[in-house]
Amino acid sequence: MVLIALTYKKLVDRDFKILSVIEAEMPRYEYVPVDVIERRSRLPSTQVNAALQKLNQLKLVRRRLGDYVGYRLTYLGLDMLALRSLVERGVLHALGDTIGVGKESDVYSGLTPSGERVIVKFHRVGRTSFQRVVLVRPYLKDRPAYSWLYLAKLAGEREFKALQELHSVGARVPRPLGRSRHVVVTEYVEGVELYEYKDPIDPESMLVKVLETIRKAYLEVGIVHGDLSEYNIMVTIRGDEEEPLIIDWPQYVEKDHPSAPDLLRRDVSYVLRYFRKAYGVSIDLDRALAYVKGETETI
Ligand SMILES: Nc1ncnc2c1ncn2[C@@H]1O[C@H](COP(=O)(O)OP(=O)(O)OP(=O)(O)O)[C@@H](O)[C@H]1O
Ligand SMILES: [Mg+2]
């Protein structure tokens, strides 16, 4: 079992209570003072201290020693609160294997209470430098340096919202199932990423489907993916057709954002380049761009 699931099983109600008090106070304190935790949790001091000791050992909180003793959540602590909420709402029943550990997320498989296999994506902002974060997430440029946990929650929120809107207009994306904080649960796509997909049946139709999704996102939802490539497209087979689904949306930008035109051009050109290189299918960039922007009705 993965560390997150093992740790989750060790927690009792009291531990979750303390974690959520710390979470609630974190916007006010870099490290939440112990007396504040005691007051807000309304638990006896001995119980609070025992719980904090345990949470600290499990690395769910970080302790600050010095002129006062205080605690803040770690990513693992925030993971516990998110899982608890997803479990209580019946979105998730169990966490399974690691699917991928990336720069900005940890992705696991999971099971719902009814046994459906799902994807559980934990956003991790701040593993790389803030510079890079600003580069790939231009919407953060004008904000003060919020804590990483806050930024991760924001990424989760953005990705879930994008998926909900995309799914509601029938775009080819994994079905979103639920979110808590920085954790997004979606349908599990049985398939492989496009860069691993070697012998396509009908690459031309597949390319058209990808462009249709980019177009729907742009025209019906009003967003540009912004990080599109063969690594963020999953291919699955439905009926006997190839269905390319676009994943990984937290960095999207609104179509009226100043970088939107450049990002749209880059997204489309990366997709066209890959289809040309890997499958020998060519579509002209300007024609494809006119189509995704709704200037023409067909490619
Ligand atoms: N719905 C899904 N079904 C199946 N596999 C998925 C799904 N979503 C993500 N994955 C797998 O997990 C990987 C990482 O997911 P995603 O692209 O959303 O995160 P990421 O932030 O790009 O992570 P990284 O930093 O590793 O690129 C995908 O490349 C894919 O292999
Ligand atoms: Mg990705």
# chains A, B, ... in the order shown; residues from 1 in each chain; ligands from 1

$ residues_around --residues "range 24-29 of chain A" --least-positions-apart "4" --cutoff "8 Å" --atoms "only C-alpha atoms" --output "number ranges by chain"
A: 20, 33, 72

$ write_last_selection --atoms "C-alpha atoms" --output "PDB file, in the first residue's frame"
ATOM      1  CA  SER A  20      -8.538  20.829  10.126  1.00  0.00           C
ATOM      2  CA  PRO A  33       0.384  28.474  17.998  1.00  0.00           C
ATOM      3  CA  ARG A  72       1.712  24.044  10.049  1.00  0.00           C
TER       4      ARG A  72
END

$ closest_atom_pairs --of "chain A" --to "ligand 1" --cutoff "6 Å" --atoms "only C-alpha atoms and all ligand atoms" --output "CSV"
residue,atom,partner,partner_atom_place_in_ligand_line,distance
A:Ile99,CA,ligand 1,12 (O),5.6
A:Gly100,CA,ligand 1,12 (O),5.2
A:Val101,CA,ligand 1,26 (O),5.4
A:Gly102,CA,ligand 1,26 (O),3.0
A:Lys103,CA,ligand 1,25 (O),4.0
A:Glu104,CA,ligand 1,25 (O),4.4
A:Ser105,CA,ligand 1,21 (O),4.6
A:Val107,CA,ligand 1,12 (O),5.5
A:Ile119,CA,ligand 1,1 (N),5.5
A:Pro174,CA,ligand 1,1 (N),5.2
A:Thr186,CA,ligand 1,1 (N),5.7
A:Glu187,CA,ligand 1,1 (N),5.4
A:Tyr188,CA,ligand 1,3 (N),3.9
A:Val189,CA,ligand 1,3 (N),3.6
A:Glu193,CA,ligand 1,31 (O),6.0
A:Tyr231,CA,ligand 1,29 (O),5.7
A:Asn232,CA,ligand 1,17 (O),5.3
A:Ile247,CA,ligand 1,18 (O),5.5
A:Asp248,CA,ligand 1,18 (O),3.7

$ closest_residue --among "A:Leu272, A:Val208, A:Val235, A:Leu285" --to "Glu196 in chain A" --atoms "only C-alpha atoms"
A:Val235

$ closest_residue --among "A:Arg273, A:Arg215, A:Arg84, A:Arg158" --to "Thr296 in chain A" --atoms "only C-alpha atoms"
A:Arg215

$ residues_around --residues "Val91 in chain A" --least-positions-apart "6" --cutoff "10 Å" --atoms "only C-alpha atoms" --output "PyMOL selection string"
chain A and resi 83+85+111-114+118+177-180+185-186

$ select_by_dssp --residues "range 35-176 of chain A" --states "alpha helix (DSSP H)" --output "ChimeraX atom specification"
/A:35-41,45-57,75-88,130-136,148-168

$ closest_residue --among "A:Asp67, A:Asp227, A:Glu241, A:Asp267" --to "ligand 2" --atoms "only C-alpha atoms and all ligand atoms"
A:Asp227

$ closest_residue --among "A:Asp284, A:Asp15, A:Asp106, A:Asp240" --to "ligand 2" --atoms "only C-alpha atoms and all ligand atoms"
A:Asp106
